[in-house]
Amino acid sequence: MRTLRTPRWLLILLFFGVLAPSLGMAEDKVSDGVFTANNLWMMICAGLVFIMHLGFATLETGLTQQKNTVNILFKNTFIVCFGIISYAYIGFNLMYPGDFNGFLGFTGFGLGTDAAGVTQAYNTGYTYWTDFLFQAMFAATAATIVSGAVAERIKLSSFMVFTILYVTLIYPWVGSWKWGGGWLDARGFYDFAGSTLVHSVGGWAALAGAIMLGARRGKYVGGSVRPIPGHNMPLATIGVFLLWLGWFGFNGGSVLSADPAVTSLTLMTTCIAAAAGGLSAMHTSWMFAKKPDLSMGLNGILAGLVGITAGADQMGLHSALFIGLIAGFIVYFSVIFFDKVKVDDPVGAISVHLVCGIWGTLAVGIFGAKAGIGQLFIQILGIVSYGIVCAVSAFFFFGLIKAVMGLRVSEEEEVEGLDQGEHGMPAYNDFVAASSLR
Amino acid sequence: MRTLRTPRWLLILLFFGVLAPSLGMAEDKVSDGVFTANNLWMMICAGLVFIMHLGFATLETGLTQQKNTVNILFKNTFIVCFGIISYAYIGFNLMYPGDFNGFLGFTGFGLGTDAAGVTQAYNTGYTYWTDFLFQAMFAATAATIVSGAVAERIKLSSFMVFTILYVTLIYPWVGSWKWGGGWLDARGFYDFAGSTLVHSVGGWAALAGAIMLGARRGKYVGGSVRPIPGHNMPLATIGVFLLWLGWFGFNGGSVLSADPAVTSLTLMTTCIAAAAGGLSAMHTSWMFAKKPDLSMGLNGILAGLVGITAGADQMGLHSALFIGLIAGFIVYFSVIFFDKVKVDDPVGAISVHLVCGIWGTLAVGIFGAKAGIGQLFIQILGIVSYGIVCAVSAFFFFGLIKAVMGLRVSEEEEVEGLDQGEHGMPAYNDFVAASSLR
Amino acid sequence: MRTLRTPRWLLILLFFGVLAPSLGMAEDKVSDGVFTANNLWMMICAGLVFIMHLGFATLETGLTQQKNTVNILFKNTFIVCFGIISYAYIGFNLMYPGDFNGFLGFTGFGLGTDAAGVTQAYNTGYTYWTDFLFQAMFAATAATIVSGAVAERIKLSSFMVFTILYVTLIYPWVGSWKWGGGWLDARGFYDFAGSTLVHSVGGWAALAGAIMLGARRGKYVGGSVRPIPGHNMPLATIGVFLLWLGWFGFNGGSVLSADPAVTSLTLMTTCIAAAAGGLSAMHTSWMFAKKPDLSMGLNGILAGLVGITAGADQMGLHSALFIGLIAGFIVYFSVIFFDKVKVDDPVGAISVHLVCGIWGTLAVGIFGAKAGIGQLFIQILGIVSYGIVCAVSAFFFFGLIKAVMGLRVSEEEEVEGLDQGEHGMPAYNDFVAASSLR
């Protein structure tokens, strides 16, 4: 989140600037200490959001089949590498164009290199480089969310082209509407850390991709759903714990300062919602499917995290609890719903990121400091606006790619696995793969 | 640790308050910078302790059999989710009741929500939310320790009920005796970061659970011990490294401020003891068992960490080294001892957390700034007091659960594995499990 | 990096000390806030560099064969344990001897224990313990780099003896030439965070070890290279992401303060170079080997990281990009080159750490604030000096060990795997190893 709010420490400084004007220079020195702390916190948060990319990589790998492991790891490694470079040269200046028409603006390629950029003269309480790095780590997330939903059947090169288009152009462009100070920000739309701006932006593209590709072979046979189990549950669990940890930075860093009150409140609501989402999804799946389902519990944690993200700085304990509980409940039925309509999402990304992203954005109008019918309508306006533009552009890009270079691997390659087909390299050697004995 | 010590920065402020009273307001501003830094450090430490839960999950999974992997991951995911919620609504106010009779106090359900709670008016140098979050991450640890010792044979629902009782009631209640300012704190008992309050509290329950359940099938046949090797040593190693990293927060955060001198001394002693414990256990097992044993080396690191925890802020380099070396030595013979008396502990949790927790608590009276015969007796008083209450309550809870719903899975389920029996879901697919070929 | 540069905050303080001398005491208080922040950042960076050891362990394990997994994990666990203790008792005082002859100095065994050591009186802006801890985490890295290159065939005890000698004596000794303020520092050699002082110091020993040992059986048969694929690509990917994260501390901490401008610039250049290295190696291998190669992409990220390390605080966006792109290109051809000359390096450590370490050191003279022909010559002087001493001592140590106790495991043990031969313990149980079915 990078809305132009007045930082808390600035208010404190102004206060003392009036009360104690004789202390003149001292204020700058105090600001130096707080500036250092702000910057330090934001750098740490950038590191935490970075590690979410490993979380996504291991989660997606764990929840899919062994034969597509190298492919998923390659995609996720590519996304983070490409995302950072692309954001440095284009995205950052597209997302934060400064004073612009509120719909689309761009201030040029590359990062500012003037000395002022790296000093405390920069106006948000930390340095320009820190600002870039934190936002860059967010940028690639949108494509990572797509990666899970289209896994095990999309052509590598087609996915890479989609990532390049969507991460470079769409994510920063629509992000500018709110975090860049654009038209939705002016109307009071609130999305603290990106339930909509990150998660549903990725989620709409995930939905478009899953629909355009069709289901994996053998998933829907006749009227029944045949689950294709993930190949490595420890990897999936590692992924969710890393994502939860990373969310300390995703939400905590979205305070855009080390403000003790707001950062710590945000981490509290984040963890409460995550825990509640996990418990709720465990309980729901146990009640309805009669088995305690680990992967549902894991997705419940993510659902709670995505759900709290839009209002993590606005909620109290009970609100965070309810948002998480409901998110964990929603994600269970959403996964079942998408299977019912035969949208095949191997890791549940659409349910977690799109559906719970919408839920979290709505929740800002229902719970906490901003609750109110007016706010709720503004939230819906935001959800719909992002939904239309993201879904249309994602369908357009996937359609274009399908026409030009094809989207889906051959039937033979899908059966054999993309690791062999695309990379000529299995993920695990020395182990015996079950398929080799059949 | 949350004893009411005067924070270092407060002393500094008071000092300048006398020397330079004309600077009036400036002190608040300075305190704002240090308050921000304290809060920042404590939030980071909360994140580090959080990641210990992933460390425990991967360590326990790695050291047990493949067929029980999903079960262990589910348990550990449940524990952290439940622990945070339970601590928010009950544990925190049971552990830190404020001014109380020193034995048992409770200030009501849920977290304080007044504005003062999130500002620097809160008296320990960081915010109320940060305080809660850091302590909440500790809370679930006690149950996680139990999880390892009872693995591979306990019924999931029975374990969950035990966790709920022990984490909600026992851990915070007995914790209040020292960290809440209760009767043991008044007598001078010292346990900096929880060799006793966390590790042996968990360890006593682990011992009770392992005894009540009995050994896994095939572990003790006739007079001999048949080792049941862990299924995934990379997972176990990941676990120990994550735990070591997490201990930066576990011990470093127990300073309860970012005080440069004490935090850095604490991290130094923590790392020296961990390294010494690892080397010592490697060497001991190599000497006695004639093979360099990875899992013993890993447990040695944990032994060193648990050993230093009670006095990490009190030791110098040599003391930390000795504490770690002895812990690594102890853990090797302790593991052998428990096998000799047929207490089956699949991951060595009792040896690491209970035995080395006791060692670390004693070490405060033997080494470092607090060494002395009087302190040693107080330490023993603390160890015995916690031991009696924790062992009695753990046996009582396990006994009650055994009578009401049973503790142990069926023989058939144990052989087949709890992943199938409890969850209907294997942890690894596509791989061939050895059992399927037999 | 621990050159005696004047910290930025000190300049600011001095500035205000002249402008506003009437504020007297206030400066100390401000310095207290900044001192706390510096110390906090350096402790976090120590934790981040610590986790690189897990990154190395998982990367090396993933890129080698299943049958040598326990052996590699044991080695890497030993290295970090031994490295910390050895650095505490010898290395730290050998690397930073204070005022010395510039070539070799030693100030005694163990760490200083005077009270001044843990207060803000210590002169680099953070405490003595923090200083030790951060540098200790670096120390073991040199041996870890060697571990990968000699994997799958070196005798465990021989490797341990080499590690003890090289980490205790060579790494800190040659490190003193630059970071201890020795003769190369006096001549203006620049190596910000250790492209040469850490990575090529490890790389030369890796090269010496790989040559002395010879190739693994079956790697080079007749004129052709038979790749021996790694056994677990998720582990390798986890390793590289953890290493990247750890590099936030490796480079970010080498600023030796939390200076907002320099730390954030450093993290920006570090991430840009890593991303560029990854993209470049992916692209190069795809173009030349016709397959998108995950392990090459991963090594490209590391190549970019090693490449930027010497000048991470000196570069702008474009320079960091070029350095990374070139590193990713170099690493691909370097791997091919070493296979051509039959130097068998299972994980590509020589290409990543030695070759790209040299590249990064040269890059300081080509790009960024220090570019210039004079600087370039000084950089070459440093590279050659370190190369001669490290290669000679590594060959000498390996030769000595070979003569006294042998270097290589028996042919039988190599075929069966070191896990059985050295440790009597497989890394994975319950899974069927392919070899058992042959």
# chains A, B, ... in the order shown; residues from 1 in each chain; ligands from 1
$ residues_around --residues "A:Ile388" --least-positions-apart "3" --cutoff "12 Å" --atoms "only C-alpha atoms" --output "PyMOL selection string"
chain A and resi 174+200-201+204-205+208+381-385+391-396
$ residues_around --residues "stretch 131-136 of chain B" --least-positions-apart "6" --cutoff "8 Å" --atoms "only C-alpha atoms" --output "list in words"
Leu267 and Met268 of chain A; Met42, Met43, Cys45, Ala46, Val49, Gly83, Ile84, Tyr87, Ala88, Phe92 and Gly253 of chain B
$ residues_around --residues "stretch 221-235 of chain A" --least-positions-apart "3" --cutoff "10 Å" --atoms "only C-alpha atoms" --output "compact mmCIF listing (two decimals) with N, CA, C and O atoms, in the first residue's frame"
# COMPACT_ATOMS: atom_id res chain seq x y z
N GLY A 55 7.53 -19.85 -0.90
CA GLY A 55 6.32 -20.47 -0.36
C GLY A 55 5.38 -20.90 -1.47
O GLY A 55 4.88 -22.03 -1.49
N ALA A 57 6.18 -21.51 -4.57
CA ALA A 57 6.82 -22.56 -5.35
C ALA A 57 6.67 -23.92 -4.68
O ALA A 57 6.32 -24.92 -5.33
N THR A 58 6.90 -23.98 -3.38
CA THR A 58 6.81 -25.27 -2.71
C THR A 58 5.36 -25.70 -2.53
O THR A 58 5.05 -26.89 -2.65
N LEU A 59 4.47 -24.76 -2.26
CA LEU A 59 3.06 -25.11 -2.13
C LEU A 59 2.52 -25.71 -3.44
O LEU A 59 1.91 -26.78 -3.44
N GLU A 60 2.76 -25.01 -4.53
CA GLU A 60 2.26 -25.48 -5.82
C GLU A 60 2.89 -26.82 -6.21
O GLU A 60 2.21 -27.71 -6.72
N THR A 61 4.18 -26.93 -5.97
CA THR A 61 4.86 -28.18 -6.28
C THR A 61 4.28 -29.32 -5.45
O THR A 61 4.00 -30.41 -5.98
N GLY A 62 4.10 -29.07 -4.18
CA GLY A 62 3.61 -30.12 -3.30
C GLY A 62 2.21 -30.59 -3.64
O GLY A 62 1.89 -31.78 -3.50
N LEU A 63 1.37 -29.67 -4.11
CA LEU A 63 -0.03 -30.02 -4.39
C LEU A 63 -0.26 -30.54 -5.79
O LEU A 63 -1.40 -30.81 -6.17
N THR A 64 0.79 -30.67 -6.58
CA THR A 64 0.63 -31.20 -7.94
C THR A 64 1.41 -32.50 -8.08
O THR A 64 2.00 -33.00 -7.12
N GLN A 65 1.40 -33.04 -9.30
CA GLN A 65 2.00 -34.35 -9.49
C GLN A 65 3.52 -34.27 -9.66
O GLN A 65 4.05 -33.29 -10.18
N GLN A 66 4.16 -35.35 -9.25
CA GLN A 66 5.61 -35.42 -9.28
C GLN A 66 6.19 -35.12 -10.67
O GLN A 66 7.23 -34.48 -10.78
N LYS A 67 5.47 -35.52 -11.69
CA LYS A 67 6.00 -35.42 -13.05
C LYS A 67 6.02 -34.00 -13.59
O LYS A 67 6.53 -33.76 -14.69
N ASN A 68 5.44 -33.05 -12.86
CA ASN A 68 5.42 -31.65 -13.30
C ASN A 68 6.18 -30.72 -12.37
O ASN A 68 6.03 -29.50 -12.43
N THR A 69 7.02 -31.30 -11.52
CA THR A 69 7.68 -30.53 -10.47
C THR A 69 8.70 -29.54 -11.01
O THR A 69 8.70 -28.36 -10.63
N ARG A 216 -7.38 -30.75 -16.54
CA ARG A 216 -6.36 -31.79 -16.78
C ARG A 216 -7.06 -33.09 -17.19
O ARG A 216 -8.18 -33.37 -16.77
N ARG A 217 -6.40 -33.86 -17.98
CA ARG A 217 -6.94 -35.15 -18.42
C ARG A 217 -7.28 -36.01 -17.21
O ARG A 217 -6.49 -36.16 -16.30
N GLY A 218 -8.46 -36.58 -17.22
CA GLY A 218 -8.83 -37.53 -16.17
C GLY A 218 -9.38 -36.89 -14.92
O GLY A 218 -9.74 -37.60 -13.97
N ILE A 238 5.43 -26.77 4.05
CA ILE A 238 6.51 -25.77 4.09
C ILE A 238 6.04 -24.50 3.39
O ILE A 238 6.25 -23.39 3.88
N GLY A 239 5.41 -24.67 2.24
CA GLY A 239 4.94 -23.52 1.48
C GLY A 239 3.99 -22.63 2.26
O GLY A 239 4.14 -21.41 2.28
N VAL A 240 3.02 -23.24 2.93
CA VAL A 240 2.03 -22.43 3.65
C VAL A 240 2.64 -21.73 4.86
O VAL A 240 2.35 -20.57 5.13
N LEU A 294 -5.61 -32.25 5.53
CA LEU A 294 -4.48 -31.34 5.69
C LEU A 294 -4.46 -30.25 4.64
O LEU A 294 -4.30 -29.07 4.95
N SER A 295 -4.65 -30.61 3.36
CA SER A 295 -4.52 -29.60 2.32
C SER A 295 -5.63 -28.55 2.45
O SER A 295 -5.43 -27.39 2.12
N ILE A 336 -15.16 -26.85 -3.87
CA ILE A 336 -16.15 -27.80 -4.35
C ILE A 336 -16.94 -27.22 -5.52
O ILE A 336 -17.20 -27.90 -6.52
N ASP A 339 -14.98 -27.27 -8.79
CA ASP A 339 -14.95 -28.62 -9.35
C ASP A 339 -16.30 -28.98 -9.96
O ASP A 339 -16.36 -29.69 -10.98
N LYS A 340 -17.36 -28.49 -9.33
CA LYS A 340 -18.69 -28.79 -9.85
C LYS A 340 -18.88 -28.19 -11.24
O LYS A 340 -19.47 -28.81 -12.13
N LYS A 342 -16.53 -27.68 -13.23
CA LYS A 342 -15.43 -28.21 -14.05
C LYS A 342 -14.37 -27.18 -14.44
O LYS A 342 -13.81 -27.23 -15.54
N ASP A 344 -10.87 -26.57 -13.50
CA ASP A 344 -9.86 -27.37 -12.82
C ASP A 344 -8.72 -26.48 -12.32
O ASP A 344 -7.96 -25.93 -13.11
N PRO A 346 -5.64 -26.93 -9.89
CA PRO A 346 -4.92 -27.96 -9.15
C PRO A 346 -4.61 -27.60 -7.70
O PRO A 346 -4.53 -28.50 -6.85
N VAL A 347 -4.41 -26.32 -7.41
CA VAL A 347 -3.99 -25.97 -6.05
C VAL A 347 -5.03 -25.15 -5.30
O VAL A 347 -4.79 -24.74 -4.16
N ALA B 57 7.64 -29.04 12.77
CA ALA B 57 6.86 -29.88 11.85
C ALA B 57 7.77 -30.69 10.94
O ALA B 57 7.58 -31.90 10.74
N THR B 58 8.78 -30.03 10.37
CA THR B 58 9.65 -30.75 9.44
C THR B 58 10.59 -31.70 10.19
O THR B 58 10.86 -32.81 9.71
N THR B 61 8.47 -34.73 11.24
CA THR B 61 8.12 -35.49 10.05
C THR B 61 9.33 -36.26 9.53
O THR B 61 9.23 -37.45 9.20
N GLY B 62 10.46 -35.58 9.47
CA GLY B 62 11.65 -36.23 8.94
C GLY B 62 12.12 -37.40 9.77
O GLY B 62 12.62 -38.39 9.22
N THR B 69 3.20 -39.15 7.96
CA THR B 69 3.64 -37.78 7.66
C THR B 69 2.48 -36.78 7.68
O THR B 69 2.57 -35.73 8.30
N VAL B 70 1.42 -37.08 6.96
CA VAL B 70 0.27 -36.17 6.91
C VAL B 70 -0.26 -35.94 8.32
O VAL B 70 -0.60 -34.82 8.70
N ILE B 72 1.32 -36.00 11.20
CA ILE B 72 2.17 -35.09 11.97
C ILE B 72 2.04 -33.66 11.47
O ILE B 72 1.95 -32.72 12.26
N LEU B 73 2.01 -33.50 10.16
CA LEU B 73 1.86 -32.15 9.61
C LEU B 73 0.53 -31.54 10.04
O LEU B 73 0.44 -30.36 10.36
N LEU B 235 14.42 -33.28 5.44
CA LEU B 235 13.37 -32.59 6.19
C LEU B 235 13.80 -32.35 7.63
O LEU B 235 13.58 -31.27 8.19
N MET B 425 -5.25 -40.25 3.18
CA MET B 425 -4.46 -39.45 2.24
C MET B 425 -2.98 -39.71 2.47
O MET B 425 -2.48 -39.47 3.57
N PRO B 426 -2.26 -40.23 1.47
CA PRO B 426 -0.82 -40.41 1.66
C PRO B 426 -0.09 -39.08 1.51
O PRO B 426 -0.58 -38.15 0.86
N ALA B 427 1.08 -38.99 2.12
CA ALA B 427 1.86 -37.75 2.05
C ALA B 427 2.57 -37.60 0.73
O ALA B 427 2.82 -36.49 0.26
N TYR B 428 2.94 -38.73 0.15
CA TYR B 428 3.69 -38.72 -1.10
C TYR B 428 2.94 -39.55 -2.12
O TYR B 428 2.60 -40.71 -1.84
N ASN B 429 2.69 -39.01 -3.26
CA ASN B 429 2.11 -39.80 -4.32
C ASN B 429 3.12 -39.94 -5.43
O ASN B 429 4.09 -39.22 -5.50
N ASP B 430 2.85 -40.87 -6.32
CA ASP B 430 3.69 -41.13 -7.48
C ASP B 430 4.95 -41.91 -7.09
O ASP B 430 5.40 -42.76 -7.82
N PHE B 431 5.51 -41.59 -5.91
CA PHE B 431 6.60 -42.41 -5.43
C PHE B 431 6.07 -43.79 -5.06
O PHE B 431 4.92 -43.94 -4.65
N PRO C 234 13.25 -29.95 -5.87
CA PRO C 234 12.66 -29.01 -4.90
C PRO C 234 13.66 -28.61 -3.83
O PRO C 234 13.72 -27.44 -3.44
N LEU C 235 14.45 -29.55 -3.33
CA LEU C 235 15.47 -29.20 -2.34
C LEU C 235 16.46 -28.17 -2.90
O LEU C 235 16.83 -27.21 -2.21
N ILE C 238 14.71 -24.78 -3.05
CA ILE C 238 14.64 -24.22 -1.70
C ILE C 238 15.99 -23.61 -1.33
O ILE C 238 16.07 -22.50 -0.80
$ atom_distance --atom1 "atom CA of B:Ser195" --atom2 "atom CA of B:Ala215"
26.4 Å
$ residues_around --residues "A:Gln375" --least-positions-apart "2" --cutoff "12 Å" --atoms "only C-alpha atoms" --output "list in words"
Arg187, Gly188, Phe189, Tyr190, Asp191, Thr361, Leu362, Ala363, Val364, Gly365, Ile366, Phe367, Gly368, Ala369, Lys370, Ala371, Gly372, Ile373, Phe377, Ile378, Gln379, Ile380, Leu381 and Gly382 of chain A
$ residues_around --residues "B:Tyr332" --least-positions-apart "3" --cutoff "8 Å" --atoms "only C-alpha atoms" --output "PyMOL selection string"
chain B and resi 281+284-285+296+300+328-329+335-336
$ closest_residue --among "B:Ser257, B:Val341, B:Gly417, B:Gly108" --to "B:Glu152" --atoms "only C-alpha atoms"
B:Gly417
$ select_by_dssp --residues "stretch 248-430 of chain A" --states "alpha helix (DSSP H)" --output "JSON, numbers by chain"
{"A": [248, 249, 250, 251, 252, 260, 261, 262, 263, 264, 265, 266, 267, 268, 269, 270, 271, 272, 273, 274, 275, 276, 277, 278, 279, 280, 281, 282, 283, 284, 285, 286, 287, 288, 289, 294, 295, 296, 297, 298, 299, 300, 301, 302, 303, 304, 305, 306, 307, 308, 309, 317, 318, 319, 320, 321, 322, 323, 324, 325, 326, 327, 328, 329, 330, 331, 332, 333, 334, 335, 336, 337, 338, 339, 340, 349, 356, 357, 358, 359, 360, 361, 362, 363, 364, 365, 366, 373, 374, 375, 376, 377, 378, 379, 380, 381, 382, 383, 384, 385, 386, 387, 388, 389, 390, 391, 392, 393, 394, 395, 396, 397, 398, 399, 400, 401, 402, 403, 404, 405, 411, 412, 413, 414, 415, 416, 418]}
$ closest_residue --among "C:Gln420, C:Ser351, C:Ser254, C:Asn39" --to "chain A" --atoms "only C-alpha atoms"
C:Asn39
$ residues_around --residues "A:Val146" --least-positions-apart "6" --cutoff "7 Å" --atoms "only C-alpha atoms" --output "ChimeraX atom specification"
/A:202-203,205-206
$ residues_around --residues "B:Ser176" --least-positions-apart "3" --cutoff "8 Å" --atoms "only C-alpha atoms" --output "ChimeraX atom specification"
/B:94-97,102-104,172-173,179-182
$ closest_residue --among "C:Gly125, C:Phe35, C:Met137, C:His283" --to "C:His53" --atoms "only C-alpha atoms"
C:Met137
$ atom_distance --atom1 "atom CA of C:Ser319" --atom2 "atom CA of C:Asp259"
21.6 Å
$ closest_residue --among "B:Val198, B:Leu298, B:Val352, B:Ile308" --to "B:Gly278" --atoms "only C-alpha atoms"
B:Leu298
$ interface_residues --of "chain B" --to "chain C" --cutoff "6 Å" --atoms "only C-alpha atoms" --output "PyMOL selection string"
chain B and resi 33-34+231-233+260-261+264-265+275+291-292+294+433-434
$ write_last_selection --atoms "all heavy atoms" --output "compact mmCIF listing (two decimals), in the first residue's frame"
# COMPACT_ATOMS: atom_id res chain seq x y z
N GLY B 33 11.98 6.90 19.12
CA GLY B 33 12.90 6.16 18.27
C GLY B 33 13.24 4.80 18.86
O GLY B 33 13.22 3.77 18.18
N VAL B 34 13.55 4.77 20.14
CA VAL B 34 13.91 3.51 20.78
C VAL B 34 12.68 2.61 20.93
O VAL B 34 12.76 1.39 20.73
CB VAL B 34 14.59 3.75 22.15
CG1 VAL B 34 14.85 2.45 22.87
CG2 VAL B 34 15.88 4.52 21.95
N HIS B 231 12.11 -41.10 7.98
CA HIS B 231 11.98 -41.37 6.54
C HIS B 231 12.59 -40.31 5.65
O HIS B 231 12.65 -40.49 4.44
CB HIS B 231 10.50 -41.57 6.17
CG HIS B 231 9.77 -40.30 5.87
ND1 HIS B 231 9.35 -39.43 6.84
CD2 HIS B 231 9.39 -39.75 4.68
CE1 HIS B 231 8.73 -38.41 6.27
NE2 HIS B 231 8.75 -38.57 4.99
N ASN B 232 13.05 -39.17 6.23
CA ASN B 232 13.46 -38.10 5.34
C ASN B 232 14.44 -37.17 6.07
O ASN B 232 14.03 -36.20 6.72
CB ASN B 232 12.20 -37.33 4.88
CG ASN B 232 12.45 -36.43 3.70
OD1 ASN B 232 13.51 -35.84 3.59
ND2 ASN B 232 11.47 -36.33 2.81
N MET B 233 15.73 -37.44 5.93
CA MET B 233 16.71 -36.67 6.68
C MET B 233 16.86 -35.23 6.20
O MET B 233 17.16 -34.35 7.02
CB MET B 233 18.07 -37.41 6.67
CG MET B 233 18.05 -38.73 7.43
SD MET B 233 17.30 -38.62 9.09
CE MET B 233 18.51 -37.56 9.91
N PRO B 260 20.89 -3.17 22.78
CA PRO B 260 21.98 -3.75 21.97
C PRO B 260 22.88 -4.70 22.75
O PRO B 260 23.23 -5.77 22.24
CB PRO B 260 22.76 -2.51 21.52
CG PRO B 260 21.79 -1.38 21.59
CD PRO B 260 20.89 -1.70 22.75
N ALA B 261 23.23 -4.33 23.97
CA ALA B 261 24.16 -5.17 24.72
C ALA B 261 23.56 -6.53 25.04
O ALA B 261 24.15 -7.57 24.76
CB ALA B 261 24.57 -4.45 26.01
N SER B 264 22.53 -8.79 21.86
CA SER B 264 23.65 -9.36 21.10
C SER B 264 24.42 -10.38 21.92
O SER B 264 24.88 -11.40 21.39
CB SER B 264 24.56 -8.26 20.57
OG SER B 264 25.12 -7.51 21.63
N LEU B 265 24.56 -10.11 23.23
CA LEU B 265 25.18 -11.12 24.09
C LEU B 265 24.37 -12.42 24.04
O LEU B 265 24.92 -13.52 23.91
CB LEU B 265 25.26 -10.61 25.54
CG LEU B 265 25.79 -11.63 26.55
CD1 LEU B 265 27.28 -11.85 26.35
CD2 LEU B 265 25.50 -11.19 27.98
N ALA B 275 26.14 -24.57 18.60
CA ALA B 275 27.27 -25.16 17.87
C ALA B 275 27.99 -26.18 18.74
O ALA B 275 28.34 -27.28 18.28
CB ALA B 275 28.21 -24.05 17.42
N LYS B 291 29.82 -44.48 14.62
CA LYS B 291 29.38 -43.90 13.34
C LYS B 291 29.04 -42.43 13.56
O LYS B 291 28.44 -42.08 14.58
CB LYS B 291 28.11 -44.62 12.84
CG LYS B 291 28.36 -46.00 12.24
CD LYS B 291 28.91 -45.91 10.81
CE LYS B 291 29.24 -47.29 10.26
NZ LYS B 291 29.97 -47.22 8.99
N PRO B 292 29.41 -41.56 12.63
CA PRO B 292 28.99 -40.17 12.73
C PRO B 292 27.49 -40.08 12.43
O PRO B 292 27.06 -40.33 11.31
CB PRO B 292 29.81 -39.45 11.65
CG PRO B 292 30.23 -40.51 10.71
CD PRO B 292 30.24 -41.82 11.43
N LEU B 294 24.03 -38.32 11.98
CA LEU B 294 23.44 -37.02 11.66
C LEU B 294 22.33 -36.66 12.62
O LEU B 294 22.28 -35.55 13.15
CB LEU B 294 22.91 -37.02 10.22
CG LEU B 294 22.13 -35.78 9.79
CD1 LEU B 294 22.98 -34.51 9.86
CD2 LEU B 294 21.56 -35.94 8.39
N ALA B 433 6.04 -46.52 -2.34
CA ALA B 433 6.40 -46.79 -0.95
C ALA B 433 6.89 -48.23 -0.85
O ALA B 433 6.35 -49.13 -1.49
CB ALA B 433 5.20 -46.58 -0.05
N ALA B 434 7.93 -48.40 -0.06
CA ALA B 434 8.50 -49.74 0.08
C ALA B 434 7.44 -50.74 0.51
O ALA B 434 7.40 -51.88 0.05
CB ALA B 434 9.64 -49.70 1.09
$ select_by_dssp --residues "stretch 99-301 of chain A" --states "strand (DSSP E)" --output "JSON, numbers by chain"
{"A": [220, 221, 224, 225]}
$ write_last_selection --atoms "N, CA and C atoms" --output "mmCIF file, in the first residue's frame"
data_model
loop_
_atom_site.group_PDB
_atom_site.id
_atom_site.type_symbol
_atom_site.label_atom_id
_atom_site.label_comp_id
_atom_site.auth_asym_id
_atom_site.auth_seq_id
_atom_site.Cartn_x
_atom_site.Cartn_y
_atom_site.Cartn_z
ATOM 1 N N TYR A 220 -12.162 -34.774 -14.698
ATOM 2 C CA TYR A 220 -13.625 -34.875 -14.716
ATOM 3 C C TYR A 220 -14.017 -35.944 -15.726
ATOM 4 N N VAL A 221 -14.445 -37.054 -15.200
ATOM 5 C CA VAL A 221 -14.805 -38.150 -16.095
ATOM 6 C C VAL A 221 -16.286 -38.431 -15.903
ATOM 7 N N SER A 224 -18.407 -37.301 -12.629
ATOM 8 C CA SER A 224 -17.708 -37.333 -11.330
ATOM 9 C C SER A 224 -16.343 -36.643 -11.369
ATOM 10 N N VAL A 225 -15.949 -36.175 -10.197
ATOM 11 C CA VAL A 225 -14.651 -35.538 -10.029
ATOM 12 C C VAL A 225 -13.658 -36.559 -9.490
#
$ atom_distance --atom1 "atom CA of A:Phe333" --atom2 "atom CA of A:Phe56"
22.1 Å
$ decode --residues "stretch 201-205 of chain A" --atoms "N, CA and C atoms" --output "short mmCIF file (atom, residue, chain, number, x, y, z; two decimals), in the first residue's frame"
data_model
loop_
_atom_site.label_atom_id
_atom_site.label_comp_id
_atom_site.auth_asym_id
_atom_site.auth_seq_id
_atom_site.Cartn_x
_atom_site.Cartn_y
_atom_site.Cartn_z
N VAL A 201 -6.45 -9.63 -8.42
CA VAL A 201 -5.85 -9.36 -9.73
C VAL A 201 -5.21 -10.65 -10.27
N GLY A 202 -4.49 -11.35 -9.41
CA GLY A 202 -3.96 -12.65 -9.81
C GLY A 202 -5.07 -13.68 -9.99
N GLY A 203 -6.05 -13.62 -9.12
CA GLY A 203 -7.13 -14.61 -9.15
C GLY A 203 -7.96 -14.57 -10.42
N TRP A 204 -8.26 -13.34 -10.92
CA TRP A 204 -9.03 -13.25 -12.17
C TRP A 204 -8.26 -13.89 -13.32
N ALA A 205 -6.97 -13.65 -13.37
CA ALA A 205 -6.16 -14.25 -14.43
C ALA A 205 -6.09 -15.77 -14.26
#
